[in-house]
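Raw upload_17.txt, compact mmCIF, C-alpha atoms and all ligand atoms:
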```txt
# COMPACT_ATOMS: atom_id res chain seq x y z
CA MET U 1 4.71 -8.86 -4.43
CA SER U 2 5.20 -9.81 -0.79
CA GLU U 3 6.82 -7.60 1.80
CA ALA U 4 10.06 -8.51 3.54
CA ALA U 5 9.31 -10.46 6.72
CA ASP U 6 11.84 -8.35 8.62
CA LEU U 7 9.32 -5.50 8.68
CA ALA U 8 7.07 -7.44 11.06
CA PRO U 9 8.89 -6.13 14.19
CA ILE U 10 8.59 -2.51 12.97
CA ARG U 11 4.89 -2.96 12.28
CA GLU U 12 4.39 -4.52 15.70
CA ALA U 13 6.33 -1.70 17.41
CA VAL U 14 4.19 0.94 15.71
CA ARG U 15 1.02 -0.91 16.72
CA VAL U 16 2.18 -1.09 20.35
CA LEU U 17 2.95 2.65 20.39
CA CYS U 18 -0.40 3.50 18.78
CA ALA U 19 -2.29 1.44 21.35
CA ASP U 20 -1.50 4.21 23.86
CA PHE U 21 -3.48 6.66 21.68
CA PRO U 22 -6.97 5.17 21.41
CA GLY U 23 -10.12 6.67 19.89
CA ASP U 24 -10.98 8.90 22.84
CA TYR U 25 -7.59 10.65 22.56
CA TRP U 26 -8.28 11.52 18.89
CA ARG U 27 -11.92 12.43 19.57
CA ARG U 28 -10.86 14.96 22.18
CA LEU U 29 -8.30 16.51 19.84
CA ASP U 30 -10.86 16.57 17.06
CA ARG U 31 -13.34 18.44 19.26
CA GLU U 32 -10.72 20.90 20.45
CA ARG U 33 -8.98 21.16 17.05
CA ALA U 34 -5.82 20.50 19.01
CA TYR U 35 -2.47 19.18 17.80
CA PRO U 36 -1.53 15.63 18.86
CA ALA U 37 1.65 16.78 20.58
CA GLU U 38 1.96 13.66 22.80
CA PHE U 39 1.49 11.30 19.87
CA VAL U 40 4.05 13.14 17.73
CA ALA U 41 6.50 13.19 20.66
CA ALA U 42 6.11 9.42 21.13
CA LEU U 43 6.70 8.71 17.42
CA THR U 44 9.71 11.02 17.44
CA LYS U 45 11.19 9.42 20.57
CA ALA U 46 10.82 5.97 19.03
CA GLY U 47 12.76 7.18 15.96
CA PHE U 48 9.96 6.43 13.50
CA LEU U 49 9.90 9.92 12.00
CA ALA U 50 13.66 9.70 11.30
CA ALA U 51 13.15 6.51 9.28
CA LEU U 52 14.46 7.95 6.01
CA ILE U 53 17.37 9.98 7.41
CA PRO U 54 20.66 8.15 6.80
CA GLU U 55 22.47 6.80 9.86
CA GLN U 56 25.44 9.13 9.28
CA TYR U 57 23.11 12.01 10.24
CA GLY U 58 21.62 10.19 13.21
CA GLY U 59 18.56 8.78 11.45
CA SER U 60 17.38 5.19 11.23
CA GLY U 61 18.42 4.80 7.58
CA LEU U 62 15.45 2.60 6.77
CA THR U 63 14.06 1.82 3.33
CA MET U 64 11.04 3.46 1.71
CA THR U 65 9.16 0.18 2.18
CA ALA U 66 9.82 0.34 5.92
CA ALA U 67 8.81 4.01 6.10
CA ALA U 68 5.60 3.19 4.21
CA ALA U 69 4.88 0.35 6.64
CA ILE U 70 5.21 2.81 9.56
CA MET U 71 2.71 5.24 8.04
CA GLU U 72 0.33 2.45 7.12
CA GLU U 73 0.34 0.97 10.64
CA ILE U 74 -0.32 4.37 12.21
CA GLN U 75 -3.47 4.81 10.14
CA ALA U 76 -4.53 1.16 10.44
CA SER U 77 -4.38 1.61 14.22
CA GLY U 78 -6.94 4.42 14.00
CA CYS U 79 -4.36 7.17 14.62
CA ASN U 80 -3.54 10.01 12.25
CA GLY U 81 -0.02 10.34 10.87
CA ALA U 82 -0.90 13.48 8.91
CA ALA U 83 0.03 15.50 11.98
CA CYS U 84 3.67 14.66 11.43
CA HIS U 85 4.23 12.78 8.16
CA ALA U 86 6.07 15.76 6.67
CA GLN U 87 8.82 15.33 9.28
CA MET U 88 9.57 12.04 7.54
CA TYR U 89 9.89 13.26 3.95
CA THR U 90 10.30 17.04 3.74
CA MET U 91 13.94 16.69 4.79
CA GLY U 92 14.52 14.75 1.52
CA THR U 93 15.00 18.05 -0.32
CA VAL U 94 17.85 18.99 2.05
CA LEU U 95 19.29 15.48 1.83
CA ARG U 96 19.29 15.37 -1.97
CA HIS U 97 20.01 18.99 -2.89
CA GLY U 98 21.41 20.70 0.22
CA SER U 99 25.11 21.50 0.72
CA ALA U 100 27.27 19.42 3.07
CA ALA U 101 27.08 22.28 5.58
CA GLN U 102 23.26 22.41 5.42
CA LYS U 103 22.99 18.66 5.93
CA GLU U 104 25.26 18.81 8.97
CA ARG U 105 23.37 21.80 10.30
CA TYR U 106 19.83 20.45 9.97
CA LEU U 107 19.61 16.69 9.53
CA PRO U 108 20.95 15.52 12.92
CA GLY U 109 18.57 17.91 14.73
CA ILE U 110 15.66 16.74 12.59
CA ALA U 111 16.61 13.10 13.28
CA ARG U 112 16.59 13.76 17.04
CA GLY U 113 13.28 15.60 16.76
CA GLU U 114 14.80 18.76 18.22
CA LEU U 115 14.23 20.53 14.92
CA ARG U 116 10.79 20.15 13.40
CA LEU U 117 10.79 20.47 9.62
CA GLN U 118 7.07 20.00 9.17
CA ALA U 119 5.97 22.99 7.13
CA PHE U 120 5.97 22.97 3.35
CA GLY U 121 5.13 26.31 1.74
CA VAL U 122 4.20 25.76 -1.90
CA THR U 123 0.46 26.33 -2.49
CA GLU U 124 -0.76 29.92 -2.84
CA PRO U 125 -4.31 31.29 -2.99
CA THR U 126 -4.11 32.46 -6.59
CA SER U 127 -1.90 29.74 -8.08
CA GLY U 128 -3.47 26.61 -6.54
CA THR U 129 -2.36 23.54 -8.43
CA ASP U 130 -0.54 25.69 -10.99
CA THR U 131 2.65 25.95 -8.93
CA LEU U 132 4.64 27.71 -11.63
CA SER U 133 2.40 30.77 -11.38
CA LEU U 134 3.09 31.33 -7.69
CA ARG U 135 3.65 34.97 -6.72
CA THR U 136 5.71 34.94 -3.53
CA THR U 137 9.04 36.58 -4.33
CA ALA U 138 12.49 36.30 -2.78
CA ILE U 139 14.76 39.17 -3.85
CA ARG U 140 18.48 39.08 -3.11
CA ASP U 141 19.66 41.91 -0.87
CA GLY U 142 23.31 41.54 0.17
CA ASP U 143 23.72 38.34 2.15
CA HIS U 144 19.95 37.88 2.56
CA TYR U 145 16.84 37.32 0.46
CA VAL U 146 13.80 39.47 1.18
CA VAL U 147 10.56 37.49 0.93
CA ASN U 148 7.11 38.95 0.23
CA GLY U 149 3.88 37.11 -0.51
CA GLN U 150 1.48 34.57 0.88
CA LYS U 151 1.02 30.81 1.15
CA ILE U 152 -2.16 28.94 1.91
CA TRP U 153 -2.86 25.49 3.32
CA THR U 154 0.55 25.41 4.97
CA SER U 155 -0.04 22.54 7.34
CA ARG U 156 1.61 22.35 10.76
CA ALA U 157 3.25 25.80 10.45
CA GLU U 158 2.49 26.48 14.12
CA TYR U 159 4.13 23.21 15.13
CA SER U 160 7.25 23.47 13.06
CA ASP U 161 10.59 25.18 13.59
CA LEU U 162 11.56 25.21 9.94
CA MET U 163 9.67 25.68 6.70
CA LEU U 164 10.67 24.58 3.24
CA LEU U 165 9.63 27.53 1.11
CA LEU U 166 9.27 27.78 -2.68
CA ALA U 167 9.48 31.36 -3.95
CA ARG U 168 10.15 33.16 -7.22
CA THR U 169 13.66 34.61 -7.50
CA THR U 170 13.49 35.57 -11.20
CA PRO U 171 10.38 37.14 -12.76
CA ARG U 172 8.54 34.61 -14.90
CA GLU U 173 9.05 36.55 -18.13
CA GLN U 174 12.83 36.73 -17.54
CA ALA U 175 13.31 33.09 -16.54
CA LYS U 176 15.32 30.82 -18.85
CA SER U 177 12.52 28.27 -19.14
CA ARG U 178 8.94 27.61 -18.02
CA THR U 179 10.11 25.81 -14.88
CA ALA U 180 13.13 28.02 -14.05
CA GLY U 181 13.23 31.02 -11.72
CA LEU U 182 11.84 29.43 -8.55
CA SER U 183 14.06 28.71 -5.56
CA VAL U 184 13.81 26.69 -2.37
CA PHE U 185 14.74 28.07 1.04
CA ILE U 186 14.87 26.75 4.56
CA VAL U 187 13.10 29.35 6.67
CA ASP U 188 13.78 29.35 10.39
CA MET U 189 10.29 30.24 11.58
CA ARG U 190 11.38 30.68 15.20
CA GLN U 191 13.30 33.81 14.19
CA ALA U 192 10.96 34.92 11.42
CA LYS U 193 7.76 34.88 13.49
CA ASN U 194 8.44 38.28 15.01
CA ASP U 195 10.08 39.61 11.93
CA GLY U 196 7.97 39.47 8.77
CA LEU U 197 6.19 36.11 9.18
CA THR U 198 2.54 35.85 10.24
CA ILE U 199 0.69 32.54 10.63
CA ARG U 200 -3.11 32.29 10.71
CA PRO U 201 -4.86 28.96 11.32
CA ILE U 202 -7.61 27.86 8.91
CA ARG U 203 -10.48 25.87 10.36
CA THR U 204 -11.08 22.81 8.21
CA MET U 205 -13.49 19.87 8.29
CA MET U 206 -10.74 17.76 9.85
CA ASN U 207 -7.89 18.99 11.96
CA HIS U 208 -4.83 19.23 9.78
CA ALA U 209 -3.31 22.13 11.71
CA THR U 210 -3.33 23.97 8.42
CA THR U 211 -2.71 27.70 8.08
CA GLU U 212 -2.31 30.76 5.92
CA VAL U 213 1.16 32.24 6.05
CA PHE U 214 2.03 35.84 5.20
CA PHE U 215 5.51 37.17 4.41
CA GLU U 216 6.20 40.87 4.69
CA ASN U 217 9.82 41.78 4.05
CA MET U 218 10.89 38.57 5.78
CA ARG U 219 14.69 38.28 5.62
CA VAL U 220 16.17 34.85 4.96
CA PRO U 221 19.96 34.42 5.07
CA ALA U 222 21.36 33.60 1.59
CA GLU U 223 23.06 30.54 3.10
CA ASN U 224 19.55 29.05 3.56
CA LEU U 225 19.06 28.75 -0.21
CA ILE U 226 18.95 25.06 -1.14
CA GLY U 227 21.02 24.12 -4.19
CA ASN U 228 21.15 26.61 -7.05
CA GLU U 229 19.01 29.71 -7.34
CA GLY U 230 16.30 29.25 -9.96
CA GLU U 231 16.23 25.43 -9.85
CA GLY U 232 13.83 25.05 -6.93
CA PHE U 233 10.90 23.65 -8.90
CA ARG U 234 13.02 20.67 -9.93
CA TYR U 235 14.06 20.09 -6.29
CA ILE U 236 10.45 20.16 -5.08
CA ILE U 237 9.32 17.80 -7.85
CA SER U 238 12.12 15.37 -6.99
CA GLY U 239 10.63 14.95 -3.51
CA MET U 240 7.14 14.23 -4.79
CA ASN U 241 7.58 10.50 -5.40
CA ALA U 242 8.50 9.85 -1.77
CA GLU U 243 5.55 11.93 -0.62
CA ARG U 244 3.14 10.12 -2.95
CA ILE U 245 4.29 6.68 -1.77
CA LEU U 246 4.05 7.55 1.93
CA ILE U 247 0.65 9.19 1.58
CA ALA U 248 -0.55 6.18 -0.42
CA ALA U 249 0.60 3.95 2.45
CA GLU U 250 -1.45 6.09 4.86
CA CYS U 251 -4.49 5.53 2.65
CA ILE U 252 -3.90 1.77 2.69
CA GLY U 253 -3.78 1.92 6.49
CA ASP U 254 -7.04 3.87 6.59
CA ALA U 255 -8.69 1.39 4.20
CA LYS U 256 -7.57 -1.52 6.41
CA TRP U 257 -9.01 0.21 9.48
CA PHE U 258 -12.39 0.79 7.78
CA ILE U 259 -12.55 -2.77 6.42
CA ASP U 260 -11.66 -4.23 9.79
CA ARG U 261 -14.27 -2.13 11.59
CA ALA U 262 -16.95 -2.93 9.02
CA SER U 263 -16.21 -6.67 9.05
CA SER U 264 -16.40 -6.98 12.80
CA TYR U 265 -19.57 -4.88 13.02
CA ALA U 266 -21.19 -6.92 10.23
CA ARG U 267 -20.37 -10.13 12.11
CA ASP U 268 -21.78 -8.86 15.43
CA ARG U 269 -24.75 -6.67 14.60
CA VAL U 270 -27.95 -8.73 14.52
CA VAL U 271 -31.04 -7.41 12.70
CA PHE U 272 -33.94 -9.55 11.43
CA GLY U 273 -32.58 -12.34 13.61
CA ARG U 274 -29.23 -12.73 11.87
CA PRO U 275 -25.89 -10.92 11.59
CA ILE U 276 -26.15 -8.16 8.98
CA GLY U 277 -22.95 -9.57 7.41
CA GLN U 278 -24.88 -12.67 6.41
CA ASN U 279 -26.66 -10.54 3.82
CA GLN U 280 -24.75 -10.36 0.57
CA GLY U 281 -25.96 -6.78 0.23
CA VAL U 282 -23.78 -6.01 3.26
CA GLN U 283 -20.86 -8.41 2.72
CA PHE U 284 -20.24 -7.66 -0.97
CA PRO U 285 -19.36 -3.96 -0.46
CA ILE U 286 -16.89 -5.02 2.27
CA ALA U 287 -15.33 -7.61 -0.03
CA ARG U 288 -15.20 -5.06 -2.86
CA ALA U 289 -13.44 -2.54 -0.60
CA TYR U 290 -10.95 -5.23 0.45
CA ILE U 291 -10.17 -6.15 -3.17
CA GLY U 292 -9.66 -2.47 -4.05
CA MET U 293 -7.36 -1.98 -1.07
CA ARG U 294 -5.24 -5.05 -1.91
CA ALA U 295 -4.82 -3.97 -5.54
CA ALA U 296 -3.74 -0.50 -4.43
CA GLU U 297 -1.38 -2.02 -1.86
CA LEU U 298 0.43 -3.95 -4.60
CA MET U 299 1.01 -0.72 -6.52
CA VAL U 300 2.31 1.01 -3.38
CA ARG U 301 4.78 -1.84 -2.86
CA GLU U 302 5.91 -1.73 -6.47
CA ALA U 303 6.43 2.04 -6.31
CA ALA U 304 8.42 1.70 -3.07
CA ALA U 305 10.57 -1.11 -4.53
CA LEU U 306 11.37 0.96 -7.64
CA TYR U 307 12.16 3.98 -5.45
CA GLU U 308 14.55 1.91 -3.34
CA ALA U 309 16.25 0.53 -6.44
CA GLY U 310 16.89 4.11 -7.58
CA LYS U 311 14.70 3.60 -10.65
CA ASP U 312 12.17 6.02 -12.10
CA CYS U 313 8.96 5.48 -10.16
CA GLY U 314 7.02 8.61 -11.17
CA ALA U 315 4.19 6.69 -12.84
CA GLU U 316 3.95 4.04 -10.12
CA ALA U 317 4.11 6.57 -7.26
CA ASN U 318 1.33 8.61 -8.83
CA MET U 319 -0.80 5.57 -9.63
CA ALA U 320 -0.24 4.18 -6.12
CA LYS U 321 -1.40 7.46 -4.59
CA HIS U 322 -4.44 7.53 -6.86
CA LEU U 323 -5.49 3.92 -6.31
CA ALA U 324 -4.86 4.08 -2.56
CA ALA U 325 -6.78 7.35 -2.10
CA GLU U 326 -9.72 5.93 -4.06
CA ALA U 327 -9.54 2.69 -2.06
CA SER U 328 -9.53 4.45 1.32
CA TRP U 329 -12.43 6.68 0.33
CA ALA U 330 -14.44 3.70 -1.00
CA ALA U 331 -13.73 1.81 2.22
CA ALA U 332 -14.76 4.83 4.32
CA ASP U 333 -18.07 5.16 2.49
CA MET U 334 -18.70 1.42 2.81
CA CYS U 335 -17.89 1.51 6.53
CA VAL U 336 -20.43 4.27 7.21
CA GLN U 337 -23.06 2.36 5.23
CA THR U 338 -22.32 -0.90 7.07
CA HIS U 339 -22.76 0.84 10.43
CA GLY U 340 -26.05 2.48 9.49
CA GLY U 341 -26.85 5.28 11.94
CA PHE U 342 -23.92 4.38 14.21
CA GLY U 343 -21.54 5.31 11.40
CA PHE U 344 -22.40 8.92 12.21
CA ALA U 345 -21.92 8.62 15.97
CA GLU U 346 -18.77 10.31 17.19
CA GLU U 347 -17.87 7.53 19.63
CA PHE U 348 -17.44 5.00 16.80
CA ASP U 349 -14.61 7.11 15.29
CA ILE U 350 -15.86 6.30 11.80
CA GLU U 351 -17.20 9.75 10.97
CA ARG U 352 -13.87 11.27 12.07
CA LYS U 353 -11.78 8.88 9.97
CA PHE U 354 -14.27 9.38 7.10
CA ARG U 355 -13.57 13.13 7.18
CA GLU U 356 -9.84 12.60 7.52
CA THR U 357 -9.51 10.19 4.62
CA ARG U 358 -11.61 12.35 2.29
CA LEU U 359 -8.65 14.70 1.97
CA TYR U 360 -6.44 12.30 0.07
CA THR U 361 -8.11 12.57 -3.33
CA VAL U 362 -7.56 16.36 -3.11
CA ALA U 363 -4.26 16.85 -1.28
CA PRO U 364 -1.34 16.77 -1.51
CA ILE U 365 -2.22 16.27 -5.17
CA SER U 366 -5.68 16.01 -6.63
CA THR U 367 -6.96 13.11 -8.67
CA ASN U 368 -7.21 15.14 -11.88
CA LEU U 369 -3.57 16.09 -11.76
CA ILE U 370 -2.54 12.45 -11.38
CA LEU U 371 -4.74 11.49 -14.32
CA SER U 372 -3.12 14.28 -16.35
CA TYR U 373 0.32 12.97 -15.40
CA VAL U 374 -0.49 9.44 -16.54
CA ALA U 375 -2.21 10.65 -19.71
CA GLU U 376 0.73 12.82 -20.70
CA HIS U 377 3.81 11.02 -19.37
CA VAL U 378 2.76 7.39 -19.60
CA LEU U 379 0.33 7.37 -22.50
CA GLY U 380 1.90 10.15 -24.60
CA LEU U 381 -1.32 12.18 -24.88
CA PRO U 382 -1.04 15.94 -25.52
CA ARG U 383 -0.35 18.17 -22.52
CA SER U 384 -3.64 19.66 -21.35
CA TYR U 385 -2.48 22.62 -19.25
C1 LIG O 401 -5.97 20.13 4.65
C2 LIG O 401 -5.01 20.56 3.59
C3 LIG O 401 -3.66 20.56 3.86
C4 LIG O 401 -2.74 21.00 2.89
N1 LIG O 401 -1.41 21.09 3.20
C5 LIG O 401 -0.56 21.71 2.32
C6 LIG O 401 0.79 22.02 2.70
O1 LIG O 401 1.24 21.69 3.82
N2 LIG O 401 1.57 22.71 1.83
C7 LIG O 401 1.13 23.10 0.60
O2 LIG O 401 1.90 23.72 -0.15
N3 LIG O 401 -0.15 22.82 0.20
C8 LIG O 401 -1.00 22.15 1.04
N4 LIG O 401 -2.30 21.89 0.67
C9 LIG O 401 -2.76 22.35 -0.64
C10 LIG O 401 -3.10 21.22 -1.59
O3 LIG O 401 -1.93 20.65 -2.10
C11 LIG O 401 -4.02 21.83 -2.64
O4 LIG O 401 -5.27 22.13 -2.02
C12 LIG O 401 -4.22 20.92 -3.79
O5 LIG O 401 -3.01 20.73 -4.46
C13 LIG O 401 -5.27 21.50 -4.76
O6 LIG O 401 -5.01 22.85 -5.01
P1 LIG O 401 -6.17 23.96 -4.84
O7 LIG O 401 -6.84 23.70 -3.56
O8 LIG O 401 -5.63 25.32 -5.06
O9 LIG O 401 -7.16 23.61 -6.00
P2 LIG O 401 -7.21 24.26 -7.46
O10 LIG O 401 -5.86 24.26 -8.10
O11 LIG O 401 -7.95 25.54 -7.38
O12 LIG O 401 -8.12 23.17 -8.19
C14 LIG O 401 -9.50 22.98 -7.85
C15 LIG O 401 -9.99 21.72 -8.57
O13 LIG O 401 -9.83 21.90 -9.98
C16 LIG O 401 -9.05 20.84 -10.52
N5 LIG O 401 -8.18 21.34 -11.58
C17 LIG O 401 -7.40 22.47 -11.57
N6 LIG O 401 -6.73 22.58 -12.72
C18 LIG O 401 -7.07 21.51 -13.48
C19 LIG O 401 -6.70 21.04 -14.78
N7 LIG O 401 -5.82 21.72 -15.55
N8 LIG O 401 -7.25 19.91 -15.24
C20 LIG O 401 -8.15 19.22 -14.50
N9 LIG O 401 -8.54 19.59 -13.25
C21 LIG O 401 -8.00 20.73 -12.76
C22 LIG O 401 -8.23 20.30 -9.35
O14 LIG O 401 -7.89 18.93 -9.56
C23 LIG O 401 -9.20 20.49 -8.18
O15 LIG O 401 -10.05 19.37 -8.08
C24 LIG O 401 -3.22 21.40 1.62
C25 LIG O 401 -4.60 21.36 1.34
C26 LIG O 401 -5.49 20.98 2.31
C27 LIG O 401 -6.96 21.00 2.00
```
Spit out the file's structure as structure tokens when you get a sec.
Amino acid sequence: MSEAADLAPIREAVRVLCADFPGDYWRRLDRERAYPAEFVAALTKAGFLAALIPEQYGGSGLTMTAAAAIMEEIQASGCNGAACHAQMYTMGTVLRHGSAAQKERYLPGIARGELRLQAFGVTEPTSGTDTLSLRTTAIRDGDHYVVNGQKIWTSRAEYSDLMLLLARTTPREQAKSRTAGLSVFIVDMRQAKNDGLTIRPIRTMMNHATTEVFFENMRVPAENLIGNEGEGFRYIISGMNAERILIAAECIGDAKWFIDRASSYARDRVVFGRPIGQNQGVQFPIARAYIGMRAAELMVREAAALYEAGKDCGAEANMAKHLAAEASWAAADMCVQTHGGFGFAEEFDIERKFRETRLYTVAPISTNLILSYVAEHVLGLPRSY
């Protein structure tokens, strides 16, 4: 499956933008655990983060394939789109399930980058992957909901104006079904920060600006409820395919970066009087990583094409994410090995990218959960949890 040639200008434009943010920029941020504010501002100004917002709301109205190409090029250029990828897809919940008034209120500001919808509050310390057992509650009180509870791993909360929050509005035992009773809210964190919302950064092995978030009697206006009360789980799930495809594209970009770095090092580095890449023991792992990346790339393209055609792409989006995350990790490991000791040196950027790409087989969904999905929904095997 080949990609439309008209994406070449977008890819080139992303590459040109990324060239202004070379390795030393990312190394400094990595050391300081700082947020890439200048990089995010440049992507926003260029309109890349508004790729999926329809033109009627001021976005670029691009296809999923184009959005995936943007994320892939960012990573393939050695940059890190994880600092802002949520701005591209989190708004999908508002777009698909929000009221006309909510779309008018939020989407144009998000498209212009004036409103940052970067925070996604789903995971909790006790529920983990088992989203349906989350404990944060939102109880209706007049024209507000009162929120109490805690989220963990809420990335970019300090660099976001709005948060998409999933909370329980009906106790589990009273809910109509296993998946009912959860609701989605848009939380304006600018107001909430001094009034019931506390954000605490978590130091992680790579900077993902991730945090713990605490809610103590935080009041959210009832008009910020997205769609119908109690149907929030379905709304969150409906956004997962877009997220999977875009994250998979990031992994493809990472894999391309590692393969490119390893190939050029293997051509140039001379040991025992010949380039190390002349040894099949060095060139075969690079070739293997390339083959794995290309196979994953085909699945990403198929998932994106199905998504664009409005067809069910749950299986393909999950498989694309799985294959791409495995491919980027395999390429990362190969790249370190190809570089020998220099693979560990900060100035080569490989150890940083190695840490960054390790995340993708765990978050935003772990490998086991994808395998469970395919086993149950594609192969008809019994549900395991
Ligand atoms: C850097 C970072 C950023 C993140 N950003 C966000 C964010 O912005 N918003 C958000 O809501 N979440 C975020 N997450 C959370 C992320 O989605 C979860 O970490 C991930 O879904 C796994 O959940 P957990 O860590 O609770 O693992 P657990 O659910 O505790 O699982 C631990 C391990 O057990 C496995 N496991 C659990 N149950 C089963 C089962 N039934 N069968 C087989 N294996 C099983 C899992 O696959 C995993 O490998 C982030 C995480 C990280 C590390």
Query raised in the report: ligand LIG 401 (chain O): which residues are within 6 Å, counting only C-alpha atoms and all ligand atoms, as a PyMOL selection string?
Result: chain U and resi 119-123+128-129+153-155+208+210+362-369+385
Query raised in the report: Leaving out U:Gly81 and any residue of its chain fewer than 2 positions from it, which residues lie within 9 Å of it when counting only C-alpha atoms, given as a list in words?
Result: Val40, Met71, Glu72, Ile74, Gln75, Cys79, Ala83, Cys84, His85 and Glu250 of chain U
Query - Atom pair atom CA of U:Tyr235 / atom CA of U:Gln191: separation (Å) - result: 24.7 Å
Query - For atom CA of U:Val336 and atom CA of U:Arg274, the interatomic separation in Å (one decimal) - result: 19.7 Å
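With only C-alpha atoms taken into account, every residue lying no more than 8 Å from the file point (24.9, 14.3, 13.6) is included here: Gln56, Tyr57, Gly58, Glu104, Leu107, Pro108 and Gly109 of chain U.
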Requested in this report: Find the distance between atom CA of U:Gly253 and atom CA of U:Gln280 and write it in Å to one decimal.
Outcome: 25.0 Å
Report task. Name all residues at most 12 Å from stretch 167-184 of chain U (count only C-alpha atoms; drop same-chain ones fewer than 2 positions away) and give them as a PyMOL selection string. Result -> chain U and resi 90+93-94+97-98+120-124+130-141+145-151+163-165+186-187+215+220+222-237
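Restricting the calculation to only C-alpha atoms, the smallest distance between U:Pro285 and any of U:Ile370, U:Cys335, U:Val14, U:Ile350 is found for U:Cys335.
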Query raised in the report: Neighbours of U:Ile70 within 9 Å (only C-alpha atoms; same-chain residues fewer than 3 positions away dropped), as a PyMOL selection string?
Result: chain U and resi 10-11+14+48-49+51+65-67+73-75+249-250
Those residues with C-alpha atoms, as an mmCIF file, in the frame of the given file please?
```cif
data_model
loop_
_atom_site.group_PDB
_atom_site.id
_atom_site.type_symbol
_atom_site.label_atom_id
_atom_site.label_comp_id
_atom_site.auth_asym_id
_atom_site.auth_seq_id
_atom_site.Cartn_x
_atom_site.Cartn_y
_atom_site.Cartn_z
ATOM 1 C CA ILE U 10 8.590 -2.510 12.970
ATOM 2 C CA ARG U 11 4.890 -2.960 12.280
ATOM 3 C CA VAL U 14 4.190 0.940 15.710
ATOM 4 C CA PHE U 48 9.960 6.430 13.500
ATOM 5 C CA LEU U 49 9.900 9.920 12.000
ATOM 6 C CA ALA U 51 13.150 6.510 9.280
ATOM 7 C CA THR U 65 9.160 0.180 2.180
ATOM 8 C CA ALA U 66 9.820 0.340 5.920
ATOM 9 C CA ALA U 67 8.810 4.010 6.100
ATOM 10 C CA GLU U 73 0.340 0.970 10.640
ATOM 11 C CA ILE U 74 -0.320 4.370 12.210
ATOM 12 C CA GLN U 75 -3.470 4.810 10.140
ATOM 13 C CA ALA U 249 0.600 3.950 2.450
ATOM 14 C CA GLU U 250 -1.450 6.090 4.860
#
```
Closest contacts (stretch 174-290 of chain U/stretch 317-330 of chain U, max 7 Å, all atoms listed in the file) as JSON lines:
```
{"residue": "U:Asn241", "atom": "CA", "partner": "U:Ala317", "partner_atom": "CA", "distance": 5.6}
{"residue": "U:Arg244", "atom": "CA", "partner": "U:Lys321", "partner_atom": "CA", "distance": 5.5}
{"residue": "U:Ile245", "atom": "CA", "partner": "U:Ala317", "partner_atom": "CA", "distance": 5.5}
{"residue": "U:Ile247", "atom": "CA", "partner": "U:Lys321", "partner_atom": "CA", "distance": 6.7}
{"residue": "U:Ala248", "atom": "CA", "partner": "U:Lys321", "partner_atom": "CA", "distance": 4.4}
{"residue": "U:Cys251", "atom": "CA", "partner": "U:Ser328", "partner_atom": "CA", "distance": 5.3}
{"residue": "U:Ile252", "atom": "CA", "partner": "U:Ala324", "partner_atom": "CA", "distance": 5.8}
{"residue": "U:Asp254", "atom": "CA", "partner": "U:Ser328", "partner_atom": "CA", "distance": 5.9}
{"residue": "U:Ala255", "atom": "CA", "partner": "U:Ser328", "partner_atom": "CA", "distance": 4.3}
{"residue": "U:Ala289", "atom": "CA", "partner": "U:Ala330", "partner_atom": "CA", "distance": 6.3}
```
Query raised in the report: If we count all atoms listed in the file, what is near U:Arg33 at a cut-off of 12 Å, once residues fewer than 4 positions away on the same chain are taken out, given as a PyMOL selection string?
Result: chain U and resi 25-29+83+201-210
Query raised in the report: Which residues, written as an MDAnalysis selection string, have at least one atom at most 12 Å from U:Arg112, with only C-alpha atoms counted and residues fewer than 2 positions away on the same chain left out?
Result: chainID U and resid 41 43:51 53 55 57:60 87:88 106:110 114:117
